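Here is the structure we will look at.
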2 protein chains.
Amino acid sequence: MKYTPSLDQLIQALQALPGVGPRSAQRMAFTLLEQKRDQANILAQAMTQALTQIGHCSLCRNFSEGDSLCPTCRSDKRRNSGLLCIVESPADVVAIEQTGQYSGLYFVLMGRLSPLDGIGPEDIGLDLLEQRLQQESINELILATNPTVEGEATAYYIADLAKQHTIKVSRIAHGVPIGGELDHVDGTTLSHSFVGRQAF
Amino acid sequence: MKYTPSLDQLIQALQALPGVGPRSAQRMAFTLLEQKRDQANILAQAMTQALTQIGHCSLCRNFSEGDSLCPTCRSDKRRNSGLLCIVESPADVVAIEQTGQYSGLYFVLMGRLSPLDGIGPEDIGLDLLEQRLQQESINELILATNPTVEGEATAYYIADLAKQHTIKVSRIAHGVPIGGELDHVDGTTLSHSFVGRQAF
């Protein structure tokens with residue numbers, strides 16, 4: 001046997017982390033046990049605590065702790081903005097918040113429509129979204145799903161939903177990234193940047 | 001605030017893992033919380049268990065569980081081989097065991113001599129090693145420390161120790177790796193491969 005039982009279990013379990021294969025898992029386990037036992041203890045506790053404490057906001061479905069509403073959904077300023085941005089994952093919220101540009105509400109799908117994987121409208125909370133569209137006074141729905149086939153399909157589906165409730169819908173711009181060079185950008189992106197051109 | 005408190009603690013704690021920075025830690029935390037809660041629970045438990053169960057073998061200093069001696073040190077076949085291989089870390093033992101070439105005992109330094117970092121002979125268990133050289137019947141000491149400045153210094157120090165006890169000492173070969181090409185190998189390695197050439 002290559003490892004002792006507990007070590008073997010730890011190395012197996014570490015491979016649940018994204019991007020961690022057998023070799024990195026072994027390296028992680030050895031580093032934790034050789035040099036970082038205190039930090040490993042803290043990590044194990046932090047993980048247990050996060051799993052018990054962190055649930056989902058009942059309004060936007062983002063991660064939330066303690067209360068049923070997350071701080072973003074509780075903010076009056078954001079509620080009054082009348083803006084609702086649809087994203088696929090909590091990481092997208094973090095990315096958008098870091099720009100400091102947006103101060104509206106979010107709705108986190110926690111996925112995307114994917115009929116092949118059996119992920120339908122309810123699985124990404126679109127029933128909840130439809131309720132919100134009915135009950136809240138939303139001026140504009142901003143679709144910020146990823147520019148993938150599934151993300152686009154999800155955007156179209158939600159746009160349809162919004163139009164039924166006569167709410168204005170927009171899609172974030174896709175085009176050449178700032179600092180990027182034209183001849184390094186793929187053709188589809190470049191096409192998008194032409195279609196989406198704006199008056200200068 | 002970017003994250004909820006528990007999430008923030010988890011993301012901080014994950015950065016104790018080698019090669020994990022803020023971005024990967026965020027990705028790991030989100031993946032665990034979004035899609036892999038069961039596996040995260042298993043990971044937290046495996047970590048706690050490994051930390052409480054895994055200690056060091058009293059003879060070879062490698063990781064050991066339960067008994068004070070690891071299975072390798074308990075094996076009669078290995079004890080009778082008269083071979084003792086010195087390595088820097090448990091990962092080195094795993095790598096050597098995977099070759100299937102070696103069937104002797106190990107001594108794991110859990111580090112290397114490094115006066116600048118305040119790591120002296122006792123810190124890497126050389127007092128324990130000297131005891132073993134006195135008490136056990138060892139025919140050959142194989143030095144398999146890393147070919148770095150500190151690894152070499154450690155090897156020289158241990159070779160000296162072995163000579164005091166008139167025990168045969170060898171160093172694993174350094175040279176062009178199998179499958180490597182001469183013009184891609186650095187000069188120092190190539191020099192080593194010439195110095196260490198063997199009759200064909």
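Going through the structure tokens in order, the chains are called A, B, and so on, while each chain numbers its residues from 1 and the ligands are numbered from 1 in the order shown.
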
- For Ala44 in chain A: contacts at 8 Å, only C-alpha atoms, fewer than 3 positions along chain excluded, given as a ChimeraX atom specification: /A:40-41,47-48 /B:43-45,47-48

- Message: Can you pull out every residue from range 73-167 of chain A that DSSP, working from the backbone, puts in strand (DSSP E), and format the result as a ChimeraX atom specification?
- Response: /A:83-87,105-108,140-143

Counting only C-alpha atoms, which residues of chain B sit at most 7 Å from some atom of chain A, and what is each one's closest atom pair with its distance in Å to one decimal, listed by chain and rising residue number, as CSV?
residue,atom,partner,partner_atom,distance
B:Lys2,CA,A:Val94,CA,6.8
B:Thr4,CA,A:Glu65,CA,6.4
B:Ser6,CA,A:Ala50,CA,5.1
B:Leu7,CA,A:Ala50,CA,6.0
B:Gln9,CA,A:Ala46,CA,6.1
B:Leu10,CA,A:Ala46,CA,5.0
B:Ala13,CA,A:Leu43,CA,4.9
B:Leu14,CA,A:Leu43,CA,6.3
B:Ala16,CA,A:Gln39,CA,6.4
B:Leu17,CA,A:Met28,CA,5.8
B:Pro18,CA,A:Met28,CA,5.9
B:Met28,CA,A:Leu17,CA,5.8
B:Leu33,CA,A:Leu51,CA,6.9
B:Arg37,CA,A:Leu51,CA,7.0
B:Gln39,CA,A:Ala16,CA,6.4
B:Asn41,CA,A:Thr48,CA,6.7
B:Ile42,CA,A:Ala13,CA,6.6
B:Leu43,CA,A:Ala13,CA,4.9
B:Ala44,CA,A:Ala44,CA,4.7
B:Ala46,CA,A:Leu10,CA,5.0
B:Met47,CA,A:Leu10,CA,5.9
B:Thr48,CA,A:Ala44,CA,6.3
B:Gln49,CA,A:Ser6,CA,6.7
B:Ala50,CA,A:Ser6,CA,5.1
B:Leu51,CA,A:Leu33,CA,7.0
B:Ser64,CA,A:Thr4,CA,6.9
B:Glu65,CA,A:Thr4,CA,6.5
B:Val94,CA,A:Lys2,CA,6.7

- Quick one: residues within 10 Å of range 188-190 of chain A, only C-alpha atoms counted, chain neighbours fewer than 2 positions away excluded, as number ranges by chain? A: 147, 174-177, 182-186, 192-196

Keeping only all heavy atoms, take the residues you just selected and write them out as a compact mmCIF listing (two decimals), in the first residue's frame.
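Output file again02.txt is given in full below:
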# COMPACT_ATOMS: atom_id res chain seq x y z
N PRO A 147 -21.24 34.10 -22.34
CA PRO A 147 -21.45 34.01 -23.80
C PRO A 147 -21.11 32.63 -24.35
O PRO A 147 -20.32 32.51 -25.27
CB PRO A 147 -20.53 35.10 -24.35
CG PRO A 147 -19.45 35.23 -23.34
CD PRO A 147 -20.04 34.86 -22.00
N HIS A 174 -20.64 42.27 -25.67
CA HIS A 174 -19.55 41.34 -25.97
C HIS A 174 -18.73 41.92 -27.10
O HIS A 174 -19.27 42.42 -28.07
CB HIS A 174 -20.12 39.98 -26.37
CG HIS A 174 -20.87 39.33 -25.27
ND1 HIS A 174 -22.19 38.98 -25.38
CD2 HIS A 174 -20.50 39.01 -24.01
CE1 HIS A 174 -22.59 38.45 -24.23
NE2 HIS A 174 -21.59 38.47 -23.39
N GLY A 175 -17.41 41.87 -26.96
CA GLY A 175 -16.56 42.41 -28.00
C GLY A 175 -15.10 42.25 -27.63
O GLY A 175 -14.76 41.42 -26.79
N VAL A 176 -14.26 43.05 -28.26
CA VAL A 176 -12.82 42.95 -28.02
C VAL A 176 -12.52 43.41 -26.59
O VAL A 176 -12.91 44.50 -26.20
CB VAL A 176 -12.07 43.86 -29.02
CG1 VAL A 176 -10.58 43.76 -28.82
CG2 VAL A 176 -12.44 43.48 -30.45
N PRO A 177 -11.86 42.59 -25.78
CA PRO A 177 -11.57 43.02 -24.41
C PRO A 177 -10.55 44.16 -24.39
O PRO A 177 -9.70 44.24 -25.28
CB PRO A 177 -10.98 41.76 -23.75
CG PRO A 177 -10.58 40.86 -24.85
CD PRO A 177 -11.37 41.24 -26.07
N LEU A 182 -6.66 43.17 -31.79
CA LEU A 182 -7.63 42.66 -32.76
C LEU A 182 -7.22 41.32 -33.34
O LEU A 182 -8.02 40.41 -33.45
CB LEU A 182 -7.83 43.66 -33.89
CG LEU A 182 -8.69 44.89 -33.58
CD1 LEU A 182 -9.19 45.48 -34.87
CD2 LEU A 182 -9.85 44.53 -32.67
N ASP A 183 -5.92 41.18 -33.71
CA ASP A 183 -5.57 39.94 -34.40
C ASP A 183 -5.39 38.76 -33.45
O ASP A 183 -5.08 37.66 -33.88
CB ASP A 183 -4.37 40.14 -35.33
CG ASP A 183 -3.10 40.35 -34.57
OD1 ASP A 183 -3.20 40.71 -33.37
OD2 ASP A 183 -2.02 40.16 -35.14
N HIS A 184 -5.55 39.00 -32.15
CA HIS A 184 -5.53 37.86 -31.22
C HIS A 184 -6.93 37.45 -30.79
O HIS A 184 -7.09 36.48 -30.07
CB HIS A 184 -4.72 38.22 -29.97
CG HIS A 184 -3.27 38.31 -30.24
ND1 HIS A 184 -2.43 39.17 -29.59
CD2 HIS A 184 -2.49 37.64 -31.14
CE1 HIS A 184 -1.20 39.03 -30.06
NE2 HIS A 184 -1.22 38.12 -31.00
N VAL A 185 -7.91 38.22 -31.22
CA VAL A 185 -9.29 37.95 -30.80
C VAL A 185 -9.94 37.01 -31.81
O VAL A 185 -9.71 37.14 -33.01
CB VAL A 185 -10.07 39.28 -30.70
CG1 VAL A 185 -11.55 39.05 -30.57
CG2 VAL A 185 -9.55 40.08 -29.52
N ASP A 186 -10.72 36.05 -31.33
CA ASP A 186 -11.34 35.09 -32.24
C ASP A 186 -12.42 35.76 -33.09
O ASP A 186 -12.93 36.83 -32.75
CB ASP A 186 -11.94 33.92 -31.47
CG ASP A 186 -13.07 34.35 -30.59
OD1 ASP A 186 -12.81 35.09 -29.62
OD2 ASP A 186 -14.22 33.99 -30.85
N HIS A 192 -19.13 39.97 -33.06
CA HIS A 192 -19.97 40.59 -32.03
C HIS A 192 -19.62 42.05 -31.85
O HIS A 192 -20.48 42.90 -31.65
CB HIS A 192 -19.79 39.87 -30.69
CG HIS A 192 -20.79 38.79 -30.46
ND1 HIS A 192 -20.57 37.49 -30.86
CD2 HIS A 192 -22.01 38.81 -29.88
CE1 HIS A 192 -21.62 36.76 -30.52
NE2 HIS A 192 -22.51 37.53 -29.93
N SER A 193 -18.30 42.35 -31.90
CA SER A 193 -17.89 43.72 -31.63
C SER A 193 -18.33 44.65 -32.78
O SER A 193 -18.53 45.84 -32.58
CB SER A 193 -16.39 43.80 -31.40
OG SER A 193 -15.71 43.67 -32.63
N PHE A 194 -18.50 44.08 -34.00
CA PHE A 194 -19.00 44.90 -35.11
C PHE A 194 -20.51 45.09 -35.01
O PHE A 194 -21.01 46.20 -35.14
CB PHE A 194 -18.61 44.27 -36.47
CG PHE A 194 -17.28 44.77 -36.93
CD1 PHE A 194 -16.12 44.27 -36.38
CD2 PHE A 194 -17.19 45.79 -37.88
CE1 PHE A 194 -14.89 44.76 -36.77
CE2 PHE A 194 -15.96 46.28 -38.27
CZ PHE A 194 -14.80 45.77 -37.71
N VAL A 195 -21.19 43.97 -34.75
CA VAL A 195 -22.65 44.05 -34.63
C VAL A 195 -23.04 45.01 -33.51
O VAL A 195 -23.98 45.79 -33.63
CB VAL A 195 -23.23 42.64 -34.36
CG1 VAL A 195 -24.72 42.73 -34.07
CG2 VAL A 195 -22.99 41.73 -35.55
N GLY A 196 -22.26 44.98 -32.41
CA GLY A 196 -22.62 45.79 -31.24
C GLY A 196 -21.98 47.16 -31.22
O GLY A 196 -21.91 47.80 -30.17

- Name all residues at most 8 Å from range 134-145 of chain B (count only C-alpha atoms; drop same-chain ones fewer than 6 positions away) and give them as a list of chain:residue names.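 Near range 134-145 of chain B, the qualifying residues are B:Gly82, B:Leu83, B:Leu84, B:Cys85, B:Ile86, B:Val87, B:Glu88, B:Gly151, B:Glu152, B:Thr154, B:Ala155, B:Ala159, B:Ala162, B:His165, B:Ile167, B:Lys168, B:Val169, B:Ser170, B:Arg171, B:Ile172.
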
For the selection just defined, write its residues with N, CA and C atoms to a file, as an mmCIF file, in the first residue's frame.
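Saved result, result-v6.cif, follows:
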data_model
loop_
_atom_site.group_PDB
_atom_site.id
_atom_site.type_symbol
_atom_site.label_atom_id
_atom_site.label_comp_id
_atom_site.auth_asym_id
_atom_site.auth_seq_id
_atom_site.Cartn_x
_atom_site.Cartn_y
_atom_site.Cartn_z
ATOM 1 N N GLY B 82 19.797 -4.704 4.972
ATOM 2 C CA GLY B 82 21.002 -3.971 5.361
ATOM 3 C C GLY B 82 21.161 -2.658 4.619
ATOM 4 N N LEU B 83 20.116 -2.248 3.886
ATOM 5 C CA LEU B 83 20.187 -1.009 3.123
ATOM 6 C C LEU B 83 19.378 0.084 3.839
ATOM 7 N N LEU B 84 19.928 1.288 3.895
ATOM 8 C CA LEU B 84 19.201 2.413 4.492
ATOM 9 C C LEU B 84 19.296 3.595 3.539
ATOM 10 N N CYS B 85 18.140 4.038 3.052
ATOM 11 C CA CYS B 85 18.122 5.123 2.079
ATOM 12 C C CYS B 85 17.684 6.407 2.773
ATOM 13 N N ILE B 86 18.472 7.477 2.601
ATOM 14 C CA ILE B 86 18.171 8.753 3.247
ATOM 15 C C ILE B 86 17.466 9.661 2.256
ATOM 16 N N VAL B 87 16.262 10.090 2.586
ATOM 17 C CA VAL B 87 15.537 11.023 1.701
ATOM 18 C C VAL B 87 15.077 12.240 2.500
ATOM 19 N N GLU B 88 14.688 13.286 1.778
ATOM 20 C CA GLU B 88 14.298 14.519 2.458
ATOM 21 C C GLU B 88 12.851 14.501 2.937
ATOM 22 N N GLY B 151 20.647 20.130 -0.319
ATOM 23 C CA GLY B 151 20.563 18.673 -0.342
ATOM 24 C C GLY B 151 21.949 18.059 -0.402
ATOM 25 N N GLU B 152 22.841 18.655 -1.217
ATOM 26 C CA GLU B 152 24.212 18.154 -1.336
ATOM 27 C C GLU B 152 24.957 18.316 -0.020
ATOM 28 N N THR B 154 23.712 18.434 2.920
ATOM 29 C CA THR B 154 23.175 17.439 3.848
ATOM 30 C C THR B 154 23.776 16.073 3.567
ATOM 31 N N ALA B 155 23.889 15.726 2.271
ATOM 32 C CA ALA B 155 24.465 14.441 1.883
ATOM 33 C C ALA B 155 25.908 14.324 2.376
ATOM 34 N N ALA B 159 27.293 11.615 4.961
ATOM 35 C CA ALA B 159 28.363 10.710 4.511
ATOM 36 C C ALA B 159 29.485 10.696 5.547
ATOM 37 N N ALA B 162 28.506 8.576 8.462
ATOM 38 C CA ALA B 162 28.570 7.148 8.155
ATOM 39 C C ALA B 162 30.012 6.662 8.180
ATOM 40 N N HIS B 165 31.353 5.716 11.392
ATOM 41 C CA HIS B 165 30.928 4.391 11.833
ATOM 42 C C HIS B 165 31.324 3.324 10.831
ATOM 43 N N ILE B 167 30.640 2.766 7.753
ATOM 44 C CA ILE B 167 29.570 2.181 6.952
ATOM 45 C C ILE B 167 29.718 2.676 5.522
ATOM 46 N N LYS B 168 29.547 1.768 4.567
ATOM 47 C CA LYS B 168 29.661 2.107 3.147
ATOM 48 C C LYS B 168 28.570 3.125 2.784
ATOM 49 N N VAL B 169 28.946 4.176 2.043
ATOM 50 C CA VAL B 169 27.981 5.206 1.663
ATOM 51 C C VAL B 169 27.926 5.328 0.160
ATOM 52 N N SER B 170 26.742 5.476 -0.420
ATOM 53 C CA SER B 170 26.655 5.759 -1.854
ATOM 54 C C SER B 170 25.675 6.912 -2.084
ATOM 55 N N ARG B 171 25.785 7.526 -3.252
ATOM 56 C CA ARG B 171 24.888 8.625 -3.620
ATOM 57 C C ARG B 171 24.176 8.178 -4.886
ATOM 58 N N ILE B 172 22.866 8.434 -4.998
ATOM 59 C CA ILE B 172 22.171 8.038 -6.225
ATOM 60 C C ILE B 172 22.768 8.814 -7.403
#

- Message: Which residues are close to range 126-130 of chain B, i.e. within 10 Å by only C-alpha atoms, leaving aside same-chain residues fewer than 4 positions away? Reply as a PyMOL selection string.
- Response: chain B and resi 58-61+86+107-109+113+120-122+134-135+157-158+161-162+164-165
